[in-house]
>>> print(open('model-v2.txt').read())   # compact mmCIF, C-alpha atoms
# COMPACT_ATOMS: atom_id res chain seq x y z
CA MET A 1 10.78 3.50 -0.15
CA ILE A 2 8.68 0.43 0.67
CA ILE A 3 6.59 -0.64 -2.33
CA ILE A 4 3.35 -2.56 -1.82
CA GLY A 5 2.40 -4.01 -5.20
CA GLU A 6 -1.23 -3.24 -6.03
CA LYS A 7 -1.89 -5.45 -9.07
CA ILE A 8 -3.44 -8.54 -7.43
CA ASN A 9 -6.73 -6.83 -6.69
CA GLY A 10 -10.18 -7.73 -7.94
CA ALA A 11 -10.98 -4.02 -8.35
CA ILE A 12 -8.77 -4.15 -11.47
CA PRO A 13 -10.92 -5.55 -14.34
CA SER A 14 -8.24 -7.85 -15.80
CA THR A 15 -7.44 -9.27 -12.37
CA ALA A 16 -11.15 -9.65 -11.60
CA ARG A 17 -11.55 -11.79 -14.74
CA ALA A 18 -8.58 -13.94 -13.73
CA ILE A 19 -10.08 -14.46 -10.28
CA ALA A 20 -13.51 -15.33 -11.68
CA GLU A 21 -11.98 -17.80 -14.13
CA ARG A 22 -9.44 -19.10 -11.59
CA ASP A 23 -6.66 -18.27 -14.07
CA SER A 24 -3.68 -19.09 -11.89
CA GLN A 25 -1.11 -18.35 -14.62
CA PHE A 26 -2.33 -14.76 -14.87
CA ILE A 27 -1.84 -14.31 -11.12
CA VAL A 28 1.57 -16.01 -11.21
CA ASP A 29 2.66 -13.58 -13.94
CA LEU A 30 1.51 -10.63 -11.81
CA VAL A 31 3.54 -11.94 -8.88
CA LYS A 32 6.71 -12.31 -10.95
CA ARG A 33 6.37 -8.97 -12.73
CA GLN A 34 5.75 -7.07 -9.50
CA GLU A 35 8.66 -8.70 -7.72
CA GLU A 36 10.94 -7.98 -10.68
CA GLY A 37 9.73 -4.37 -10.57
CA GLY A 38 10.79 -3.99 -6.95
CA ALA A 39 7.74 -4.83 -4.81
CA ASP A 40 8.49 -5.42 -1.14
CA PHE A 41 4.97 -6.70 -0.38
CA LEU A 42 2.23 -8.08 -2.63
CA ASP A 43 -1.24 -6.79 -1.86
CA VAL A 44 -3.78 -9.60 -2.29
CA CYS A 45 -7.42 -8.55 -2.46
CA ALA A 46 -10.26 -10.60 -3.97
CA GLY A 47 -12.62 -7.66 -4.49
CA THR A 48 -15.56 -9.99 -5.04
CA ARG A 49 -19.08 -10.07 -3.63
CA PRO A 50 -19.05 -10.84 0.12
CA GLU A 51 -20.52 -14.32 -0.32
CA GLU A 52 -17.74 -15.24 -2.76
CA GLU A 53 -14.83 -13.53 -1.04
CA ARG A 54 -13.48 -16.25 1.23
CA GLU A 55 -13.17 -18.89 -1.49
CA ALA A 56 -11.63 -16.39 -3.91
CA LEU A 57 -9.23 -14.95 -1.35
CA GLU A 58 -8.05 -18.37 -0.19
CA TRP A 59 -7.46 -19.36 -3.82
CA LEU A 60 -5.48 -16.19 -4.43
CA VAL A 61 -3.37 -16.69 -1.31
CA ASP A 62 -2.52 -20.26 -2.32
CA VAL A 63 -1.53 -19.25 -5.86
CA VAL A 64 0.56 -16.27 -4.72
CA GLN A 65 2.34 -18.19 -1.96
CA GLY A 66 3.20 -20.92 -4.43
CA VAL A 67 5.59 -18.65 -6.33
CA ALA A 68 6.19 -15.45 -4.34
CA THR A 69 9.44 -14.61 -2.60
CA LYS A 70 7.97 -11.45 -1.06
CA PRO A 71 5.41 -11.38 1.77
CA ILE A 72 1.69 -10.83 1.27
CA CYS A 73 -0.29 -7.77 2.32
CA ILE A 74 -3.62 -9.50 2.92
CA ASP A 75 -6.42 -7.12 2.02
CA SER A 76 -10.15 -7.09 2.76
CA PRO A 77 -12.64 -4.50 4.02
CA ASP A 78 -14.07 -7.19 6.31
CA PRO A 79 -12.02 -7.82 9.49
CA ASN A 80 -13.77 -11.16 10.00
CA MET A 81 -12.55 -12.23 6.56
CA LEU A 82 -9.00 -11.27 7.43
CA ARG A 83 -9.18 -13.30 10.64
CA ALA A 84 -10.63 -16.29 8.78
CA VAL A 85 -7.97 -16.33 6.05
CA PHE A 86 -5.04 -15.42 8.30
CA PRO A 87 -4.10 -19.02 9.34
CA ARG A 88 -3.55 -19.83 5.66
CA LEU A 89 -0.65 -17.37 5.39
CA GLU A 90 2.73 -19.00 5.63
CA LYS A 91 5.01 -16.09 6.50
CA PRO A 92 4.66 -12.67 8.13
CA GLY A 93 3.47 -9.74 6.06
CA LEU A 94 0.92 -6.93 6.42
CA ILE A 95 -2.76 -6.91 7.38
CA ASN A 96 -4.75 -4.41 5.32
CA SER A 97 -6.41 -2.84 7.22
CA ILE A 98 -7.53 -1.33 10.52
CA SER A 99 -9.27 2.04 10.94
CA GLY A 100 -11.53 3.87 13.34
CA GLU A 101 -14.58 2.29 11.67
CA GLY A 102 -16.72 -0.15 13.61
CA GLU A 103 -14.82 -2.86 15.46
CA LYS A 104 -11.89 -3.26 13.07
CA CYS A 105 -9.31 -2.43 15.74
CA GLU A 106 -10.94 -4.66 18.34
CA LYS A 107 -11.04 -7.58 15.91
CA LEU A 108 -7.60 -7.23 14.32
CA LEU A 109 -5.27 -5.73 16.94
CA PRO A 110 -5.46 -8.90 19.11
CA LEU A 111 -4.32 -10.83 16.03
CA LEU A 112 -1.34 -8.50 15.68
CA LYS A 113 -0.58 -8.83 19.39
CA GLU A 114 -0.45 -12.61 19.00
CA ASN A 115 1.73 -12.35 15.86
CA PRO A 116 4.45 -9.75 16.57
CA GLU A 117 6.23 -10.33 13.23
CA TRP A 118 3.24 -8.90 11.36
CA GLY A 119 2.62 -5.28 10.39
CA VAL A 120 -0.61 -3.46 9.59
CA VAL A 121 -1.99 -0.77 7.29
CA ALA A 122 -4.04 1.77 9.28
CA LEU A 123 -6.48 4.06 7.47
CA CYS A 124 -7.34 7.57 8.68
CA CYS A 125 -11.09 7.16 8.64
CA ASP A 126 -13.70 6.51 11.30
CA ASN A 127 -17.44 6.16 11.58
CA ASN A 128 -17.77 9.68 10.16
CA GLY A 129 -15.95 8.70 6.97
CA ILE A 130 -12.58 9.65 5.47
CA ALA A 131 -10.83 12.52 7.21
CA ALA A 132 -10.59 15.44 4.76
CA ASN A 133 -8.47 18.04 6.56
CA ALA A 134 -5.03 17.62 8.08
CA ASP A 135 -6.25 18.11 11.66
CA ASP A 136 -8.69 15.20 11.42
CA LYS A 137 -6.19 12.98 9.61
CA VAL A 138 -3.62 13.55 12.35
CA ARG A 139 -6.18 13.08 15.13
CA ILE A 140 -7.31 9.70 13.76
CA ALA A 141 -3.70 8.64 13.14
CA GLU A 142 -2.86 9.41 16.77
CA GLU A 143 -5.89 7.47 17.98
CA LEU A 144 -4.96 4.43 15.88
CA ILE A 145 -1.30 4.48 16.86
CA GLU A 146 -2.12 4.82 20.56
CA LYS A 147 -4.78 2.12 20.41
CA ALA A 148 -2.32 -0.20 18.65
CA ALA A 149 0.23 0.54 21.39
CA SER A 150 -2.24 -0.67 24.01
CA TYR A 151 -2.04 -4.07 22.26
CA GLY A 152 1.74 -3.97 22.10
CA VAL A 153 1.86 -3.02 18.41
CA THR A 154 4.76 -0.57 18.05
CA PRO A 155 4.84 2.31 15.50
CA GLU A 156 7.40 0.68 13.20
CA ARG A 157 4.87 -2.12 12.54
CA ILE A 158 2.25 0.38 11.37
CA HIS A 159 1.76 1.84 7.89
CA ILE A 160 -0.52 4.85 8.44
CA ASP A 161 -2.46 5.92 5.35
CA PRO A 162 -3.82 9.48 5.78
CA LEU A 163 -6.09 8.73 2.80
CA VAL A 164 -5.71 11.31 0.08
CA LEU A 165 -8.97 12.34 -1.56
CA ALA A 166 -9.35 12.76 -5.32
CA LEU A 167 -7.89 16.07 -6.45
CA SER A 168 -10.67 16.42 -9.01
CA ALA A 169 -13.18 16.68 -6.17
CA VAL A 170 -11.17 18.33 -3.37
CA ASN A 171 -8.86 21.10 -4.53
CA ASP A 172 -6.62 21.13 -1.44
CA SER A 173 -6.57 17.36 -1.00
CA ALA A 174 -2.85 16.96 -1.64
CA LEU A 175 -1.94 19.93 0.57
CA ASN A 176 -3.85 18.43 3.51
CA PHE A 177 -2.19 15.08 2.85
CA PHE A 178 1.33 16.56 2.86
CA GLU A 179 0.67 18.48 6.07
CA ALA A 180 -0.70 15.34 7.73
CA ILE A 181 2.42 13.37 6.77
CA ARG A 182 4.73 15.97 8.29
CA ARG A 183 2.79 16.21 11.53
CA ILE A 184 2.43 12.43 11.95
CA LYS A 185 6.14 11.87 11.31
CA GLU A 186 7.08 14.66 13.71
CA LYS A 187 5.20 12.98 16.57
CA TYR A 188 5.84 9.36 15.58
CA PRO A 189 9.12 9.24 13.62
CA ALA A 190 9.22 5.43 13.63
CA VAL A 191 5.80 4.98 12.03
CA ASN A 192 5.57 4.28 8.29
CA VAL A 193 3.32 6.66 6.35
CA THR A 194 1.85 5.15 3.20
CA ALA A 195 -0.47 6.12 0.36
CA ALA A 196 -2.57 4.42 -2.31
CA LEU A 197 -1.00 6.35 -5.15
CA SER A 198 -3.74 6.29 -7.78
CA ASN A 199 -6.44 7.76 -5.51
CA ILE A 200 -5.15 11.30 -6.05
CA SER A 201 -5.84 11.28 -9.82
CA PHE A 202 -9.28 9.67 -9.89
CA GLY A 203 -11.47 11.39 -12.48
CA MET A 204 -8.60 13.23 -14.16
CA PRO A 205 -6.97 12.88 -17.59
CA ALA A 206 -3.27 11.96 -17.91
CA ARG A 207 -3.43 10.27 -14.52
CA LYS A 208 0.19 9.05 -14.54
CA LEU A 209 1.39 12.64 -14.67
CA VAL A 210 -0.60 13.55 -11.57
CA ASN A 211 0.38 10.34 -9.78
CA VAL A 212 4.15 10.63 -10.15
CA ASN A 213 4.26 14.30 -9.19
CA PHE A 214 2.12 13.56 -6.15
CA LEU A 215 4.50 10.72 -5.28
CA ALA A 216 7.56 12.97 -5.45
CA LEU A 217 5.97 15.67 -3.29
CA SER A 218 4.73 13.07 -0.79
CA MET A 219 8.23 11.63 -0.49
CA GLU A 220 9.59 15.08 0.27
CA ALA A 221 6.94 15.41 3.00
CA GLY A 222 8.05 12.11 4.56
CA LEU A 223 6.21 9.27 2.80
CA ASP A 224 7.79 5.91 3.67
CA SER A 225 5.78 3.43 1.62
CA VAL A 226 3.41 3.43 -1.32
CA ILE A 227 0.68 1.14 -2.62
CA ALA A 228 1.33 1.32 -6.34
CA ASP A 229 2.15 -0.52 -9.55
CA PRO A 230 5.79 -1.63 -9.37
CA THR A 231 5.70 -2.62 -13.03
CA SER A 232 5.29 1.06 -13.95
CA ARG A 233 8.60 2.56 -15.08
CA ASP A 234 7.17 6.01 -14.34
CA VAL A 235 6.57 5.10 -10.69
CA ILE A 236 9.90 3.34 -10.18
CA GLY A 237 11.81 6.07 -12.01
CA THR A 238 10.18 8.74 -9.86
CA ILE A 239 11.15 6.90 -6.67
CA PHE A 240 14.82 6.58 -7.67
CA ALA A 241 15.02 10.17 -8.95
CA THR A 242 13.32 11.64 -5.88
CA GLU A 243 15.50 9.66 -3.47
CA ALA A 244 18.55 11.09 -5.25
CA LEU A 245 17.17 14.64 -5.23
CA LEU A 246 16.44 14.40 -1.50
CA GLY A 247 20.03 13.40 -0.75
CA ARG A 248 19.18 9.85 0.19
CA ASP A 249 21.25 8.24 -2.57
CA ARG A 250 24.96 8.91 -2.07
CA LEU A 251 26.59 9.92 -5.34
CA CYS A 252 23.36 8.78 -7.07
CA ARG A 253 24.64 5.21 -6.99
CA LYS A 254 21.23 3.56 -6.70
CA TYR A 255 19.83 5.75 -9.47
CA ASN A 256 22.73 4.94 -11.79
CA LYS A 257 22.55 1.24 -10.97
CA ALA A 258 18.82 1.19 -11.74
CA TYR A 259 19.48 2.94 -15.06
CA ARG A 260 22.20 0.47 -16.03
CA ALA A 261 19.88 -2.41 -15.12
CA GLY A 262 17.22 -0.99 -17.46
CA LYS A 263 14.71 -0.35 -14.67
CA ILE A 264 14.41 3.38 -15.33
CA GLY A 265 14.82 5.71 -18.26
CA LYS A 266 14.06 4.78 -21.83
CA GLN A 267 12.46 1.37 -22.32
CA PRO A 268 15.17 -1.00 -23.63
CA GLU A 269 14.60 -2.07 -27.21
CA LYS A 270 13.60 -5.69 -27.63
CA LYS A 271 16.13 -7.76 -29.54
>>> encode(input="model-v2.txt", output="structure tokens")
Amino acid sequence: MIIIGEKINGAIPSTARAIAERDSQFIVDLVKRQEEGGADFLDVCAGTRPEEEREALEWLVDVVQGVATKPICIDSPDPNMLRAVFPRLEKPGLINSISGEGEKCEKLLPLLKENPEWGVVALCCDNNGIAANADDKVRIAEELIEKAASYGVTPERIHIDPLVLALSAVNDSALNFFEAIRRIKEKYPAVNVTAALSNISFGMPARKLVNVNFLALSMEAGLDSVIADPTSRDVIGTIFATEALLGRDRLCRKYNKAYRAGKIGKQPEKK
């Protein structure tokens, strides 16, 4: 399971304060904690007003790159912002994101063609909004994957997000998501299917409970990567346990190693 750490995002109030105050130590701590938790990529999103975004995003990139050992998943809803900040990035990572909206593909796929070491997050939405049913999710995924191929971007470089809707608003949201995963993976086995984990539980109580069960079921359906909090023992424990249950962890060695290392199970007592 590929983990994209979600904590360096201005949509999170504590991170937004750190960005506004240019509190570099707060960001450095987030980098270290997420990497220790098992993050493979670090999502970096300013989440500010458009007129403030470039300065904030460049500051974030500089702080993160100063200490990170893992690559950045550079994140903005504005493709022009991603193009502007891209030269500042020192090593290959992920661009977050393209979709069927506007000219995002036309602006960002040439960048990916010119930089073949980079991958991309692709969202199953278009000018009509987020695809709700499995048929539309799969249709948009196919369009994005084929369009990317026309620029030489191969499926293994793509993290397709079928975009799960909040369960509190759409009762069959998860079921459509699972079906979309299976159908996308059947046609494009090399593509990575990803999910922003916390979206499923928006507006619900006991959100962690919903999140981790959704994660386990998504993994069974074929989920390859997740945008989540790698400092959460619930999330990491669910990943290790589900991998073992699905027969992907021979003799449960990874699970047992994670337990012995104190990454899962009961929180070790502080001495």
>>> residues_around(input="model-v2.txt", residues="stretch 16-32 of chain A", least_positions_apart="5", cutoff="8 Å", atoms="only C-alpha atoms", output="ChimeraX atom specification")
/A:7-11,42,46-48,56,60,63-64,67-68
>>> closest_residue(input="model-v2.txt", among="A:Gln267, A:Ser225, A:Asn80, A:Gln65", to="A:Gly237", atoms="all atoms listed in the file")
A:Gln267
>>> closest_residue(input="model-v2.txt", among="A:Asp135, A:Glu51, A:Asp43, A:Asp172", to="A:Val120", atoms="all atoms listed in the file")
A:Asp43
>>> residues_around(input="model-v2.txt", residues="stretch 174-191 of chain A", least_positions_apart="3", cutoff="6 Å", atoms="all atoms listed in the file", output="list of chain:residue names")
A:Asn133, A:Ala134, A:Val138, A:Pro155, A:Glu156, A:Ile158, A:Val164, A:Ala221
>>> residues_around(input="model-v2.txt", residues="A:Ala122", least_positions_apart="4", cutoff="7 Å", atoms="only C-alpha atoms", output="mmCIF file with C-alpha atoms, keeping the file's coordinate frame")
data_model
loop_
_atom_site.group_PDB
_atom_site.id
_atom_site.type_symbol
_atom_site.label_atom_id
_atom_site.label_comp_id
_atom_site.auth_asym_id
_atom_site.auth_seq_id
_atom_site.Cartn_x
_atom_site.Cartn_y
_atom_site.Cartn_z
ATOM 1 C CA SER A 97 -6.410 -2.840 7.220
ATOM 2 C CA ILE A 98 -7.530 -1.330 10.520
ATOM 3 C CA SER A 99 -9.270 2.040 10.940
ATOM 4 C CA ILE A 158 2.250 0.380 11.370
ATOM 5 C CA HIS A 159 1.760 1.840 7.890
ATOM 6 C CA ILE A 160 -0.520 4.850 8.440
ATOM 7 C CA ASP A 161 -2.460 5.920 5.350
#
>>> closest_residue(input="model-v2.txt", among="A:Leu197, A:Ala228, A:Cys73, A:Met219", to="A:Phe240", atoms="only C-alpha atoms")
A:Met219
>>> residues_around(input="model-v2.txt", residues="A:Gly265", least_positions_apart="6", cutoff="9 Å", atoms="only C-alpha atoms", output="PyMOL selection string")
chain A and resi 233-234+237+258-259
>>> closest_residue(input="model-v2.txt", among="A:Ala169, A:Ala195, A:Val210, A:Leu217", to="A:Glu243", atoms="all atoms listed in the file")
A:Leu217
>>> axis_aligned_box(input="model-v2.txt", around="stretch 168-172 of chain A", padding_each_side="8 Å", output="lines of an AutoDock Vina configuration file")
center_x = -9.9
center_y = 18.8
center_z = -5.2
size_x = 22.6
size_y = 20.7
size_z = 23.6
>>> residues_around(input="model-v2.txt", residues="A:Gly37", least_positions_apart="6", cutoff="9 Å", atoms="only C-alpha atoms", output="list in words")
Asp229, Pro230, Thr231, Ser232, Arg233, Ile236 and Lys263 of chain A
>>> closest_residue(input="model-v2.txt", among="A:Ala196, A:Leu167, A:Ala216, A:Ala84", to="A:Leu111", atoms="all atoms listed in the file")
A:Ala84
>>> atom_distance(input="model-v2.txt", atom1="atom CA of A:Leu209", atom2="atom CA of A:Arg248")
23.3 Å
>>> build_atoms(input="model-v2.txt", residues="stretch 186-211 of chain A", atoms="N, CA and C atoms", output="compact mmCIF listing (two decimals), keeping the file's coordinate frame")
# COMPACT_ATOMS: atom_id res chain seq x y z
N GLU A 186 6.45 13.88 12.65
CA GLU A 186 7.08 14.66 13.71
C GLU A 186 6.79 14.03 15.07
N LYS A 187 5.56 13.55 15.27
CA LYS A 187 5.20 12.98 16.57
C LYS A 187 5.59 11.51 16.68
N TYR A 188 5.53 10.79 15.56
CA TYR A 188 5.84 9.36 15.58
C TYR A 188 6.86 9.06 14.48
N PRO A 189 8.12 9.40 14.68
CA PRO A 189 9.12 9.24 13.62
C PRO A 189 9.33 7.80 13.16
N ALA A 190 9.00 6.83 14.00
CA ALA A 190 9.22 5.43 13.63
C ALA A 190 8.09 4.84 12.80
N VAL A 191 6.92 5.51 12.77
CA VAL A 191 5.80 4.98 12.03
C VAL A 191 6.06 5.11 10.53
N ASN A 192 5.51 4.19 9.75
CA ASN A 192 5.57 4.28 8.29
C ASN A 192 4.31 4.99 7.80
N VAL A 193 4.48 6.01 6.97
CA VAL A 193 3.32 6.66 6.35
C VAL A 193 3.23 6.18 4.91
N THR A 194 2.04 5.73 4.52
CA THR A 194 1.85 5.15 3.20
C THR A 194 0.74 5.87 2.45
N ALA A 195 0.59 5.52 1.18
CA ALA A 195 -0.47 6.12 0.36
C ALA A 195 -0.82 5.16 -0.77
N ALA A 196 -2.11 5.11 -1.10
CA ALA A 196 -2.57 4.42 -2.31
C ALA A 196 -2.45 5.44 -3.43
N LEU A 197 -1.43 5.29 -4.24
CA LEU A 197 -1.00 6.35 -5.15
C LEU A 197 -2.08 6.83 -6.11
N SER A 198 -2.82 5.91 -6.70
CA SER A 198 -3.74 6.29 -7.78
C SER A 198 -4.98 7.03 -7.31
N ASN A 199 -5.23 7.06 -6.00
CA ASN A 199 -6.44 7.76 -5.51
C ASN A 199 -6.43 9.25 -5.84
N ILE A 200 -5.24 9.86 -5.84
CA ILE A 200 -5.15 11.30 -6.05
C ILE A 200 -5.68 11.72 -7.42
N SER A 201 -5.54 10.87 -8.44
CA SER A 201 -5.84 11.28 -9.82
C SER A 201 -7.18 10.78 -10.33
N PHE A 202 -7.99 10.21 -9.45
CA PHE A 202 -9.28 9.67 -9.89
C PHE A 202 -10.10 10.76 -10.57
N GLY A 203 -10.63 10.45 -11.76
CA GLY A 203 -11.47 11.39 -12.48
C GLY A 203 -10.72 12.42 -13.31
N MET A 204 -9.40 12.26 -13.42
CA MET A 204 -8.60 13.23 -14.16
C MET A 204 -7.98 12.61 -15.40
N PRO A 205 -7.71 13.39 -16.43
CA PRO A 205 -6.97 12.88 -17.59
C PRO A 205 -5.48 12.79 -17.26
N ALA A 206 -4.73 12.08 -18.09
CA ALA A 206 -3.27 11.96 -17.91
C ALA A 206 -2.93 11.63 -16.46
N ARG A 207 -3.54 10.57 -15.94
CA ARG A 207 -3.43 10.27 -14.52
C ARG A 207 -2.00 9.98 -14.06
N LYS A 208 -1.19 9.36 -14.93
CA LYS A 208 0.19 9.05 -14.54
C LYS A 208 0.96 10.31 -14.18
N LEU A 209 0.70 11.39 -14.92
CA LEU A 209 1.39 12.64 -14.67
C LEU A 209 1.07 13.16 -13.27
N VAL A 210 -0.19 13.11 -12.91
CA VAL A 210 -0.60 13.55 -11.57
C VAL A 210 -0.02 12.62 -10.51
N ASN A 211 -0.08 11.32 -10.77
CA ASN A 211 0.38 10.34 -9.78
C ASN A 211 1.85 10.50 -9.43
